[in-house]
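Here's the structure we're looking at; comments come further down.
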Amino acid sequence: MSKTTPPVQKNEIIHVTITDLSHQGAGVAKHEGYTLFIPKALPGETCEVKVTKTSKGYGFARLIHIHEPSSDRTEAPCPIYNTCGGCQLQHMTYEGQLRYKQKQVSDALERLGGITDVPVHPTLGMDHPWRYRNKSQVPVGERDGKVIAGFYQERSHRIVDMQECIIQNEHNDEIVQKVKDLANHYGIRGYDEEKHRGTLRHVVVRYGRQSGELMVVFVTRDEALPNKKNLIEDIRKAFPAVKSIVQNINPKRTNVIFGDKTKVLWGEEYIYDSIGAIKFAISARSFYQVNPEQTKVLYDKTLEYANLTGSETVIDAYCGIGTISLFLAQQAKHVYGVEIVPEAISDAKRNAELNGLTNTDFAVGEAENVIPWWAAQGIRPDVFVVDPPRKGCDEKLLNTMLEMKPKRIVYVSCNPATLARDLKVLEEGGYKTKQVQPVDMFPQSTHVECISQLILKEGN
Ligand code: SAH
């Protein structure tokens, strides 16, 4: 048979053994050397599957029957798990998920970075891997004349009404339900995406896990929000922990949630939260980690790997709102943070002030362009921390790091594939990866986050 012809056809029923999990959390099986992806199947399982799609290199199949379930299999507790698509691994025990994430990291390092001699520690997980999210962003629409709010059905823009999301904080769920009831009661129309009509597009709720403070944001199509006064009063009465009620106006035909204009309807512009000893001000649109409990675990480990004594100069590239920078500033001489989004840097400066951390400087710009300029000013970091987006570090930044020769590099990564690629460059440039620690920031999903510690080899 020619290599380009798949050995199976659409609608064919076959028996396969699952050997691995893909990045998207689907089971992977080889059938006569041909790769098939089978959503919701787990490694070790033998199953009957129906082929749903084939292409030259690989195909997809649907699970029909599991002959031998994996010991990692469990009943997904969420009633909407199969329609929602927000979580991918609820059918796997949490221990299984943590093992899978560790393996994703060590496999990527080996396959894509040729790195085989580095300890990848067991994933640090949560004691209770549910109800961890501190931010809800729920699309609002209408069906049969009633306001509904929930989630977009997988691969569509059809809103499915939802009562609760079990990875979401309870308060957020309760507030969304209340807003839905109030909208129906006060005749506030849900948004119709196709006709670009109606009022309420999204409800966003933010919760400070340490402070208990809540913020409610109504994203509306235009300035008008009928019965605004009653709406505000009823929410305040029902949820005294709400400290801020905000309206964001998004008049565009777009998938982007927020528009440019935000106004405070009642209370404060910010709510506050802390991670460890550091306090943060969070506005409607601020970036802030969504799992604060695990963020503390991630940052504590980052601090441990940075191994600071108080005399070090540190650079934090891709610093966002300066969360890691401020954590590091508690134990460093000086921290320089750089980030491309100007609003995030304003937040970082405000948060530094809020915490009285005067040993920090923040700059707006591309890390790969700002840091060489810092080098030209004579700034010499002892420790370099990077936390890039999924595409990894810019090559120019990696070269700058190799030229600046910090004693230690701490690489926080949300994508093991680009991490492996970048570690290879750094290893070839004189660094040794000492250890890698996966941290589970998003239980029930396939997202993998990890921290790597690198040290400059002697003689470099
Ligand atoms: N360290 C932060 C955020 C990391 S997310 C935290 O822990 O919260 C990655 C960040 O990199 C984003 O805020 C993104 O805006 C920023 N970014 C993307 N490309 C960049 C570049 N070329 N230079 C600087 N920052 C960049």
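Here, A, B, ... name the chains of the structure tokens in the order displayed, residue numbers run from 1 inside each chain, and ligands are numbered from 1 in the same displayed order.
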Using only C-alpha atoms and all ligand atoms, I'd like a table of the residues in chain A that come within 6 Å of ligand 1; for each, show the closest atom pair and its distance in Å rounded to one decimal, ordered by chain and ascending number, as a Markdown table.
| residue | atom | partner | partner_atom_place_in_ligand_line | distance |
| --- | --- | --- | --- | --- |
| A:Gln289 | CA | ligand 1 | 8 (O) | 5.9 |
| A:Tyr318 | CA | ligand 1 | 11 (O) | 3.9 |
| A:Cys319 | CA | ligand 1 | 1 (N) | 4.0 |
| A:Gly320 | CA | ligand 1 | 13 (O) | 3.8 |
| A:Thr323 | CA | ligand 1 | 8 (O) | 5.4 |
| A:Ile324 | CA | ligand 1 | 7 (O) | 5.6 |
| A:Val338 | CA | ligand 1 | 24 (C) | 5.8 |
| A:Glu339 | CA | ligand 1 | 25 (N) | 3.7 |
| A:Ile340 | CA | ligand 1 | 25 (N) | 4.1 |
| A:Val341 | CA | ligand 1 | 15 (O) | 5.3 |
| A:Gly365 | CA | ligand 1 | 24 (C) | 5.9 |
| A:Glu366 | CA | ligand 1 | 23 (N) | 3.4 |
| A:Ala367 | CA | ligand 1 | 23 (N) | 3.8 |
| A:Asp387 | CA | ligand 1 | 4 (C) | 5.1 |
| A:Pro388 | CA | ligand 1 | 9 (C) | 4.6 |
| A:Pro389 | CA | ligand 1 | 9 (C) | 4.4 |
Among the residues of region 113-270 of chain A, find those DSSP assigns to helix (DSSP H, G or I) from the backbone and print them as a list in words.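 Listing helix (DSSP H, G or I) positions across region 113-270 of chain A yields Gly113, Glu170, His171, Asn172, Asp173, Glu174, Ile175, Val176, Gln177, Lys178, Val179, Lys180, Asp181, Leu182, Ala183, Asn184, His185, Tyr186, Lys228, Lys229, Asn230, Leu231, Ile232, Glu233, Asp234, Ile235, Arg236, Lys237 and Ala238 of chain A.
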Which polymer residues have any atom within 10 Å of an atom of Tyr34 (chain A), counting only C-alpha atoms, with same-chain residues fewer than 6 positions away left out, as a VMD selection string? chain A and resid 3 5 to 8 56 to 59
Just C-alpha atoms for this one: save the residues we selected as a PDB file, in the first residue's frame.
ATOM      1  CA  LYS A   3       2.240   5.593   2.161  1.00  0.00           C
ATOM      2  CA  THR A   5      -3.294   6.059   1.317  1.00  0.00           C
ATOM      3  CA  PRO A   6      -4.657   5.615   4.836  1.00  0.00           C
ATOM      4  CA  PRO A   7      -5.240   1.935   5.764  1.00  0.00           C
ATOM      5  CA  VAL A   8      -8.727   2.847   7.063  1.00  0.00           C
ATOM      6  CA  LYS A  56      -2.721  11.700   4.543  1.00  0.00           C
ATOM      7  CA  GLY A  57      -0.752  11.550   7.766  1.00  0.00           C
ATOM      8  CA  TYR A  58      -3.354  10.829  10.437  1.00  0.00           C
ATOM      9  CA  GLY A  59      -7.050  10.388  11.152  1.00  0.00           C
TER      10      GLY A  59
END
Can you list, as an mmCIF file with N, CA, C and O atoms, in the first residue's frame, every protein, DNA or RNA residue that comes within 10 Å of Gly150 (chain A) when you count only C-alpha atoms, leaving out same-chain residues fewer than 3 positions away?
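Final output, part_7.cif:
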data_model
loop_
_atom_site.group_PDB
_atom_site.id
_atom_site.type_symbol
_atom_site.label_atom_id
_atom_site.label_comp_id
_atom_site.auth_asym_id
_atom_site.auth_seq_id
_atom_site.Cartn_x
_atom_site.Cartn_y
_atom_site.Cartn_z
ATOM 1 N N CYS A 84 -19.441 21.047 26.276
ATOM 2 C CA CYS A 84 -18.775 22.322 26.555
ATOM 3 C C CYS A 84 -17.407 22.451 25.892
ATOM 4 O O CYS A 84 -17.153 23.398 25.165
ATOM 5 N N GLN A 137 -16.035 34.567 32.453
ATOM 6 C CA GLN A 137 -16.400 35.457 31.338
ATOM 7 C C GLN A 137 -17.471 34.719 30.564
ATOM 8 O O GLN A 137 -17.156 33.804 29.810
ATOM 9 N N VAL A 138 -18.721 35.085 30.786
ATOM 10 C CA VAL A 138 -19.813 34.261 30.284
ATOM 11 C C VAL A 138 -20.590 34.998 29.185
ATOM 12 O O VAL A 138 -21.099 36.098 29.413
ATOM 13 N N PRO A 139 -20.683 34.398 27.981
ATOM 14 C CA PRO A 139 -21.467 35.032 26.925
ATOM 15 C C PRO A 139 -22.961 34.993 27.243
ATOM 16 O O PRO A 139 -23.462 34.014 27.799
ATOM 17 N N VAL A 140 -23.648 36.075 26.874
ATOM 18 C CA VAL A 140 -25.082 36.194 27.153
ATOM 19 C C VAL A 140 -25.824 36.273 25.821
ATOM 20 O O VAL A 140 -25.361 36.922 24.884
ATOM 21 N N GLY A 141 -26.958 35.605 25.752
ATOM 22 C CA GLY A 141 -27.780 35.654 24.540
ATOM 23 C C GLY A 141 -29.241 35.506 24.908
ATOM 24 O O GLY A 141 -29.620 35.739 26.065
ATOM 25 N N GLN A 153 -21.080 26.245 22.547
ATOM 26 C CA GLN A 153 -20.942 24.820 22.262
ATOM 27 C C GLN A 153 -19.646 24.622 21.477
ATOM 28 O O GLN A 153 -19.291 25.474 20.667
ATOM 29 N N ARG A 158 -23.014 28.904 19.214
ATOM 30 C CA ARG A 158 -24.322 28.702 19.806
ATOM 31 C C ARG A 158 -24.139 28.673 21.330
ATOM 32 O O ARG A 158 -23.377 27.858 21.855
ATOM 33 N N ILE A 159 -24.865 29.586 22.017
ATOM 34 C CA ILE A 159 -24.733 29.626 23.478
ATOM 35 C C ILE A 159 -25.590 28.531 24.102
ATOM 36 O O ILE A 159 -26.759 28.375 23.766
ATOM 37 N N VAL A 160 -24.986 27.753 24.990
ATOM 38 C CA VAL A 160 -25.745 26.761 25.753
ATOM 39 C C VAL A 160 -25.911 27.324 27.160
ATOM 40 O O VAL A 160 -24.931 27.734 27.786
ATOM 41 N N ASP A 161 -27.148 27.382 27.631
ATOM 42 C CA ASP A 161 -27.407 27.933 28.959
ATOM 43 C C ASP A 161 -26.781 27.033 30.025
ATOM 44 O O ASP A 161 -26.804 25.812 29.893
ATOM 45 N N MET A 162 -26.222 27.659 31.071
ATOM 46 C CA MET A 162 -25.479 26.866 32.055
ATOM 47 C C MET A 162 -25.839 27.323 33.466
ATOM 48 O O MET A 162 -26.010 28.511 33.709
ATOM 49 N N GLN A 163 -25.979 26.371 34.363
ATOM 50 C CA GLN A 163 -26.266 26.720 35.763
ATOM 51 C C GLN A 163 -24.982 26.899 36.548
ATOM 52 O O GLN A 163 -24.855 27.785 37.374
ATOM 53 N N GLU A 164 -24.019 26.005 36.314
ATOM 54 C CA GLU A 164 -22.757 26.114 37.047
ATOM 55 C C GLU A 164 -21.619 25.509 36.252
ATOM 56 O O GLU A 164 -21.835 24.674 35.368
ATOM 57 N N CYS A 165 -20.418 25.952 36.599
ATOM 58 C CA CYS A 165 -19.199 25.407 36.005
ATOM 59 C C CYS A 165 -18.333 24.967 37.175
ATOM 60 O O CYS A 165 -17.945 25.797 38.001
ATOM 61 N N VAL A 176 -23.498 35.107 38.179
ATOM 62 C CA VAL A 176 -23.946 34.990 36.780
ATOM 63 C C VAL A 176 -25.419 34.580 36.735
ATOM 64 O O VAL A 176 -26.213 35.133 35.961
ATOM 65 N N GLN A 177 -25.807 33.629 37.593
ATOM 66 C CA GLN A 177 -27.222 33.209 37.626
ATOM 67 C C GLN A 177 -28.128 34.374 38.016
ATOM 68 O O GLN A 177 -29.197 34.575 37.451
ATOM 69 N N HIS A 202 -21.722 40.062 27.515
ATOM 70 C CA HIS A 202 -21.001 39.169 28.432
ATOM 71 C C HIS A 202 -21.208 39.639 29.859
ATOM 72 O O HIS A 202 -21.365 40.833 30.110
ATOM 73 N N VAL A 203 -21.173 38.707 30.790
ATOM 74 C CA VAL A 203 -21.022 39.052 32.194
ATOM 75 C C VAL A 203 -19.647 38.541 32.605
ATOM 76 O O VAL A 203 -19.320 37.370 32.360
#
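Nearest residue to Asn291 (chain A), choosing from A:Pro129, A:Gly392, A:Pro416, A:Pro372 and counting only C-alpha atoms: A:Pro129.
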Tell me, in Å to one decimal, how far CA of Val219 (chain A) is from CA of Glu343 (chain A).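 So the two atoms, CA of Val219 (chain A) and CA of Glu343 (chain A), lie 19.3 Å apart.
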Closest of A:Lys146, A:Lys301, A:Arg408, A:His31 to Gln437 (chain A), counting only C-alpha atoms, is A:Lys301
